[in-house]
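Printed here is work-v5.json (JSON, N, CA, C and O atoms):
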[["chain", "number", "residue", "atom", "x", "y", "z"],
["A", 1, "MET", "N", -20.31, -20.52, 30.57],
["A", 1, "MET", "CA", -19.83, -21.47, 29.58],
["A", 1, "MET", "C", -19.22, -22.66, 30.34],
["A", 1, "MET", "O", -18.41, -22.46, 31.24],
["A", 2, "THR", "N", -19.61, -23.84, 29.95],
["A", 2, "THR", "CA", -19.07, -25.02, 30.61],
["A", 2, "THR", "C", -17.62, -25.24, 30.18],
["A", 2, "THR", "O", -17.17, -24.68, 29.19],
["A", 3, "GLY", "N", -16.92, -26.10, 30.91],
["A", 3, "GLY", "CA", -15.53, -26.39, 30.57],
["A", 3, "GLY", "C", -15.39, -26.99, 29.19],
["A", 3, "GLY", "O", -14.49, -26.63, 28.43],
["A", 4, "THR", "N", -16.32, -27.88, 28.82],
["A", 4, "THR", "CA", -16.25, -28.53, 27.52],
["A", 4, "THR", "C", -16.51, -27.54, 26.40],
["A", 4, "THR", "O", -15.81, -27.54, 25.39],
["A", 5, "SER", "N", -17.51, -26.68, 26.57],
["A", 5, "SER", "CA", -17.79, -25.70, 25.52],
["A", 5, "SER", "C", -16.69, -24.65, 25.43],
["A", 5, "SER", "O", -16.40, -24.13, 24.35],
["A", 6, "ALA", "N", -16.05, -24.33, 26.56],
["A", 6, "ALA", "CA", -14.92, -23.40, 26.53],
["A", 6, "ALA", "C", -13.76, -24.00, 25.74],
["A", 6, "ALA", "O", -13.11, -23.32, 24.95],
["A", 7, "LYS", "N", -13.52, -25.29, 25.93],
["A", 7, "LYS", "CA", -12.45, -25.96, 25.20],
["A", 7, "LYS", "C", -12.76, -26.00, 23.71],
["A", 7, "LYS", "O", -11.88, -25.76, 22.88],
["A", 8, "ALA", "N", -14.01, -26.27, 23.35],
["A", 8, "ALA", "CA", -14.41, -26.28, 21.94],
["A", 8, "ALA", "C", -14.26, -24.89, 21.34],
["A", 8, "ALA", "O", -13.79, -24.74, 20.20],
["A", 9, "HIS", "N", -14.62, -23.87, 22.10],
["A", 9, "HIS", "CA", -14.50, -22.49, 21.61],
["A", 9, "HIS", "C", -13.04, -22.10, 21.40],
["A", 9, "HIS", "O", -12.69, -21.48, 20.39],
["A", 10, "LEU", "N", -12.18, -22.48, 22.33],
["A", 10, "LEU", "CA", -10.75, -22.20, 22.19],
["A", 10, "LEU", "C", -10.19, -22.89, 20.96],
["A", 10, "LEU", "O", -9.44, -22.28, 20.19],
["A", 11, "LEU", "N", -10.57, -24.13, 20.74],
["A", 11, "LEU", "CA", -10.11, -24.86, 19.56],
["A", 11, "LEU", "C", -10.53, -24.14, 18.28],
["A", 11, "LEU", "O", -9.72, -23.95, 17.37],
["A", 12, "GLU", "N", -11.78, -23.70, 18.21],
["A", 12, "GLU", "CA", -12.26, -22.98, 17.04],
["A", 12, "GLU", "C", -11.48, -21.69, 16.82],
["A", 12, "GLU", "O", -11.12, -21.37, 15.68],
["A", 13, "LEU", "N", -11.24, -20.94, 17.89],
["A", 13, "LEU", "CA", -10.50, -19.67, 17.77],
["A", 13, "LEU", "C", -9.09, -19.89, 17.23],
["A", 13, "LEU", "O", -8.60, -19.10, 16.42],
["A", 14, "LEU", "N", -8.44, -20.94, 17.70],
["A", 14, "LEU", "CA", -7.07, -21.20, 17.28],
["A", 14, "LEU", "C", -6.98, -21.74, 15.86],
["A", 14, "LEU", "O", -5.98, -21.53, 15.18],
["A", 15, "LEU", "N", -8.02, -22.42, 15.41],
["A", 15, "LEU", "CA", -7.99, -23.02, 14.06],
["A", 15, "LEU", "C", -8.53, -22.09, 12.97],
["A", 15, "LEU", "O", -8.20, -22.26, 11.80],
["A", 16, "GLU", "N", -9.33, -21.11, 13.35],
["A", 16, "GLU", "CA", -9.96, -20.23, 12.37],
["A", 16, "GLU", "C", -8.97, -19.62, 11.36],
["A", 16, "GLU", "O", -9.20, -19.68, 10.16],
["A", 17, "PRO", "N", -7.86, -19.04, 11.82],
["A", 17, "PRO", "CA", -6.95, -18.42, 10.84],
["A", 17, "PRO", "C", -6.22, -19.44, 9.96],
["A", 17, "PRO", "O", -5.61, -19.07, 8.96],
["A", 18, "LEU", "N", -6.30, -20.72, 10.30],
["A", 18, "LEU", "CA", -5.55, -21.73, 9.57],
["A", 18, "LEU", "C", -6.40, -22.50, 8.56],
["A", 18, "LEU", "O", -5.89, -23.38, 7.87],
["A", 19, "LYS", "N", -7.68, -22.20, 8.48],
["A", 19, "LYS", "CA", -8.56, -22.93, 7.57],
["A", 19, "LYS", "C", -8.02, -22.87, 6.15],
["A", 19, "LYS", "O", -7.62, -21.82, 5.67],
["A", 20, "GLY", "N", -8.01, -24.02, 5.51],
["A", 20, "GLY", "CA", -7.52, -24.11, 4.14],
["A", 20, "GLY", "C", -6.05, -24.48, 4.04],
["A", 20, "GLY", "O", -5.54, -24.70, 2.95],
["A", 21, "CYS", "N", -5.35, -24.53, 5.17],
["A", 21, "CYS", "CA", -3.94, -24.89, 5.16],
["A", 21, "CYS", "C", -3.76, -26.39, 5.01],
["A", 21, "CYS", "O", -4.54, -27.17, 5.54],
["A", 22, "LYS", "N", -2.72, -26.77, 4.32],
["A", 22, "LYS", "CA", -2.40, -28.18, 4.17],
["A", 22, "LYS", "C", -1.95, -28.74, 5.52],
["A", 22, "LYS", "O", -1.23, -28.09, 6.26],
["A", 23, "GLY", "N", -2.39, -29.94, 5.85],
["A", 23, "GLY", "CA", -2.01, -30.58, 7.10],
["A", 23, "GLY", "C", -2.82, -30.12, 8.30],
["A", 23, "GLY", "O", -2.47, -30.45, 9.43],
["A", 24, "LEU", "N", -3.90, -29.41, 8.07],
["A", 24, "LEU", "CA", -4.70, -28.88, 9.17],
["A", 24, "LEU", "C", -5.35, -29.99, 9.99],
["A", 24, "LEU", "O", -5.45, -29.89, 11.20],
["A", 25, "TYR", "N", -5.77, -31.06, 9.34],
["A", 25, "TYR", "CA", -6.44, -32.14, 10.06],
["A", 25, "TYR", "C", -5.54, -32.72, 11.15],
["A", 25, "TYR", "O", -5.97, -32.87, 12.30],
["A", 26, "ASN", "N", -4.31, -33.03, 10.81],
["A", 26, "ASN", "CA", -3.37, -33.59, 11.79],
["A", 26, "ASN", "C", -3.08, -32.60, 12.91],
["A", 26, "ASN", "O", -3.01, -32.95, 14.08],
["A", 27, "TYR", "N", -2.90, -31.33, 12.56],
["A", 27, "TYR", "CA", -2.65, -30.30, 13.56],
["A", 27, "TYR", "C", -3.85, -30.17, 14.49],
["A", 27, "TYR", "O", -3.70, -30.05, 15.72],
["A", 28, "LYS", "N", -5.06, -30.22, 13.91],
["A", 28, "LYS", "CA", -6.28, -30.10, 14.70],
["A", 28, "LYS", "C", -6.37, -31.24, 15.71],
["A", 28, "LYS", "O", -6.73, -31.02, 16.86],
["A", 29, "GLN", "N", -6.04, -32.44, 15.30],
["A", 29, "GLN", "CA", -6.09, -33.59, 16.20],
["A", 29, "GLN", "C", -5.11, -33.42, 17.37],
["A", 29, "GLN", "O", -5.46, -33.67, 18.52],
["A", 30, "ASP", "N", -3.90, -32.99, 17.08],
["A", 30, "ASP", "CA", -2.90, -32.76, 18.13],
["A", 30, "ASP", "C", -3.33, -31.64, 19.07],
["A", 30, "ASP", "O", -3.20, -31.76, 20.29],
["A", 31, "LEU", "N", -3.82, -30.56, 18.50],
["A", 31, "LEU", "CA", -4.26, -29.42, 19.30],
["A", 31, "LEU", "C", -5.43, -29.80, 20.19],
["A", 31, "LEU", "O", -5.50, -29.41, 21.36],
["A", 32, "MET", "N", -6.36, -30.58, 19.65],
["A", 32, "MET", "CA", -7.52, -31.00, 20.42],
["A", 32, "MET", "C", -7.08, -31.83, 21.63],
["A", 32, "MET", "O", -7.59, -31.64, 22.73],
["A", 33, "LYS", "N", -6.12, -32.71, 21.45],
["A", 33, "LYS", "CA", -5.63, -33.52, 22.57],
["A", 33, "LYS", "C", -5.02, -32.64, 23.64],
["A", 33, "LYS", "O", -5.25, -32.84, 24.84],
["A", 34, "LYS", "N", -4.23, -31.64, 23.22],
["A", 34, "LYS", "CA", -3.59, -30.75, 24.19],
["A", 34, "LYS", "C", -4.62, -29.92, 24.96],
["A", 34, "LYS", "O", -4.50, -29.74, 26.17],
["A", 35, "ILE", "N", -5.62, -29.42, 24.26],
["A", 35, "ILE", "CA", -6.65, -28.61, 24.91],
["A", 35, "ILE", "C", -7.47, -29.45, 25.87],
["A", 35, "ILE", "O", -7.79, -29.01, 26.97],
["A", 36, "MET", "N", -7.79, -30.68, 25.50],
["A", 36, "MET", "CA", -8.58, -31.54, 26.38],
["A", 36, "MET", "C", -7.83, -31.89, 27.67],
["A", 36, "MET", "O", -8.44, -32.13, 28.69],
["A", 37, "GLN", "N", -6.50, -31.87, 27.62],
["A", 37, "GLN", "CA", -5.70, -32.16, 28.81],
["A", 37, "GLN", "C", -5.56, -30.95, 29.73],
["A", 37, "GLN", "O", -5.16, -31.07, 30.88],
["A", 38, "MET", "N", -5.91, -29.77, 29.23],
["A", 38, "MET", "CA", -5.79, -28.55, 30.02],
["A", 38, "MET", "C", -6.92, -28.48, 31.05],
["A", 38, "MET", "O", -8.02, -29.00, 30.83],
["A", 39, "SER", "N", -6.66, -27.81, 32.16],
["A", 39, "SER", "CA", -7.72, -27.60, 33.14],
["A", 39, "SER", "C", -8.70, -26.55, 32.61],
["A", 39, "SER", "O", -8.35, -25.74, 31.73],
["A", 40, "ASP", "N", -9.91, -26.57, 33.15],
["A", 40, "ASP", "CA", -10.92, -25.59, 32.74],
["A", 40, "ASP", "C", -10.45, -24.17, 33.02],
["A", 40, "ASP", "O", -10.68, -23.26, 32.21],
["A", 41, "LEU", "N", -9.77, -23.98, 34.13],
["A", 41, "LEU", "CA", -9.26, -22.65, 34.48],
["A", 41, "LEU", "C", -8.24, -22.17, 33.46],
["A", 41, "LEU", "O", -8.28, -21.01, 33.02],
["A", 42, "GLN", "N", -7.36, -23.05, 33.06],
["A", 42, "GLN", "CA", -6.34, -22.70, 32.07],
["A", 42, "GLN", "C", -6.99, -22.31, 30.75],
["A", 42, "GLN", "O", -6.58, -21.33, 30.11],
["A", 43, "VAL", "N", -8.01, -23.05, 30.33],
["A", 43, "VAL", "CA", -8.70, -22.75, 29.08],
["A", 43, "VAL", "C", -9.37, -21.38, 29.18],
["A", 43, "VAL", "O", -9.27, -20.56, 28.26],
["A", 44, "ARG", "N", -10.01, -21.11, 30.29],
["A", 44, "ARG", "CA", -10.68, -19.81, 30.45],
["A", 44, "ARG", "C", -9.67, -18.67, 30.44],
["A", 44, "ARG", "O", -9.94, -17.59, 29.92],
["A", 45, "GLU", "N", -8.49, -18.90, 31.01],
["A", 45, "GLU", "CA", -7.45, -17.87, 30.98],
["A", 45, "GLU", "C", -7.00, -17.59, 29.55],
["A", 45, "GLU", "O", -6.79, -16.44, 29.17],
["A", 46, "TYR", "N", -6.84, -18.63, 28.74],
["A", 46, "TYR", "CA", -6.49, -18.44, 27.34],
["A", 46, "TYR", "C", -7.58, -17.70, 26.58],
["A", 46, "TYR", "O", -7.30, -16.83, 25.75],
["A", 47, "LEU", "N", -8.84, -18.03, 26.85],
["A", 47, "LEU", "CA", -9.95, -17.34, 26.19],
["A", 47, "LEU", "C", -9.99, -15.88, 26.59],
["A", 47, "LEU", "O", -10.20, -15.00, 25.75],
["A", 48, "ASP", "N", -9.80, -15.59, 27.87],
["A", 48, "ASP", "CA", -9.77, -14.20, 28.34],
["A", 48, "ASP", "C", -8.64, -13.43, 27.66],
["A", 48, "ASP", "O", -8.82, -12.29, 27.23],
["A", 49, "TYR", "N", -7.48, -14.06, 27.57],
["A", 49, "TYR", "CA", -6.34, -13.42, 26.92],
["A", 49, "TYR", "C", -6.66, -13.12, 25.45],
["A", 49, "TYR", "O", -6.38, -12.03, 24.95],
["A", 50, "HIS", "N", -7.25, -14.08, 24.77],
["A", 50, "HIS", "CA", -7.60, -13.90, 23.36],
["A", 50, "HIS", "C", -8.58, -12.75, 23.18],
["A", 50, "HIS", "O", -8.44, -11.93, 22.27],
["A", 51, "GLU", "N", -9.57, -12.68, 24.06],
["A", 51, "GLU", "CA", -10.56, -11.60, 23.99],
["A", 51, "GLU", "C", -9.91, -10.25, 24.24],
["A", 51, "GLU", "O", -10.24, -9.27, 23.58],
["A", 52, "ARG", "N", -8.99, -10.17, 25.20],
["A", 52, "ARG", "CA", -8.30, -8.89, 25.48],
["A", 52, "ARG", "C", -7.46, -8.46, 24.28],
["A", 52, "ARG", "O", -7.38, -7.28, 23.96],
["A", 53, "CYS", "N", -6.81, -9.42, 23.63],
["A", 53, "CYS", "CA", -6.00, -9.10, 22.45],
["A", 53, "CYS", "C", -6.86, -8.59, 21.31],
["A", 53, "CYS", "O", -6.50, -7.65, 20.62],
["A", 54, "ASP", "N", -8.01, -9.21, 21.10],
["A", 54, "ASP", "CA", -8.94, -8.78, 20.05],
["A", 54, "ASP", "C", -9.50, -7.38, 20.34],
["A", 54, "ASP", "O", -9.66, -6.57, 19.44],
["A", 55, "ALA", "N", -9.79, -7.11, 21.60],
["A", 55, "ALA", "CA", -10.38, -5.83, 21.99],
["A", 55, "ALA", "C", -9.37, -4.69, 21.85],
["A", 55, "ALA", "O", -9.73, -3.57, 21.53],
["A", 56, "SER", "N", -8.10, -4.99, 22.08],
["A", 56, "SER", "CA", -7.09, -3.93, 22.01],
["A", 56, "SER", "C", -6.59, -3.69, 20.58],
["A", 56, "SER", "O", -5.96, -2.68, 20.33],
["A", 57, "GLY", "N", -6.88, -4.61, 19.68],
["A", 57, "GLY", "CA", -6.37, -4.50, 18.31],
["A", 57, "GLY", "C", -7.29, -3.75, 17.46],
["A", 57, "GLY", "O", -7.21, -3.00, 16.63]]

Can I see the file as structure tokens?
Amino acid sequence: MTGTSAKAHLLELLLEPLKGCKGLYNYKQDLMKKIMQMSDLQVREYLDYHERCDASG
């Protein structure tokens, strides 16, 4: 997975539980800026952590 697609995937994972919430558009814009500033390694670490949490639950 490329760095850009990893960042897009992380954004989707973090926004999925919030779909339908009021103010989601503004939150999404802020979150997207923060994720784009992260290094590729940092994004992959967050994705790995998310996958481990899902697997253990």

Inset, instruction - List every residue of chain A that DSSP, applied to the backbone, labels as helix (DSSP H, G or I), and write the result as a VMD selection string. - result: chain A and resid 3 to 18 24 to 37 40 to 56

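Considering only N, CA, C and O atoms, the residue among A:Asp40, A:Glu45, A:Asp54, A:Glu16 positioned nearest to Thr2 in chain A is A:Asp40.
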
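Taking atom N of Met36 in chain A and atom N of Leu11 in chain A as endpoints, the distance between them is 8.6 Å.
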
Inset, instruction - Go through A:Leu15, A:Ala55, A:Ala6, A:Met1 and flag the residue nearest Tyr27 in chain A, using only C-alpha atoms for the distances. - result: A:Leu15

Legend entry - atom C of Cys21 in chain A to CA of Ile35 in chain A, straight-line distance in Å: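 Atom-to-atom, CA of Ile35 in chain A and atom C of Cys21 in chain A are spaced 20.2 Å apart.
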
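Of note, CA of Leu14 in chain A and CA of His50 in chain A are spaced 9.5 Å apart.
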
Inset, instruction - Find, counting only C-alpha atoms, the residue in A:Met32, A:Ser39, A:Tyr49, A:Ser56 that gets nearest to Ala8 in chain A. - result: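 Result for the nearest residue to Ala8 in chain A: A:Met32.
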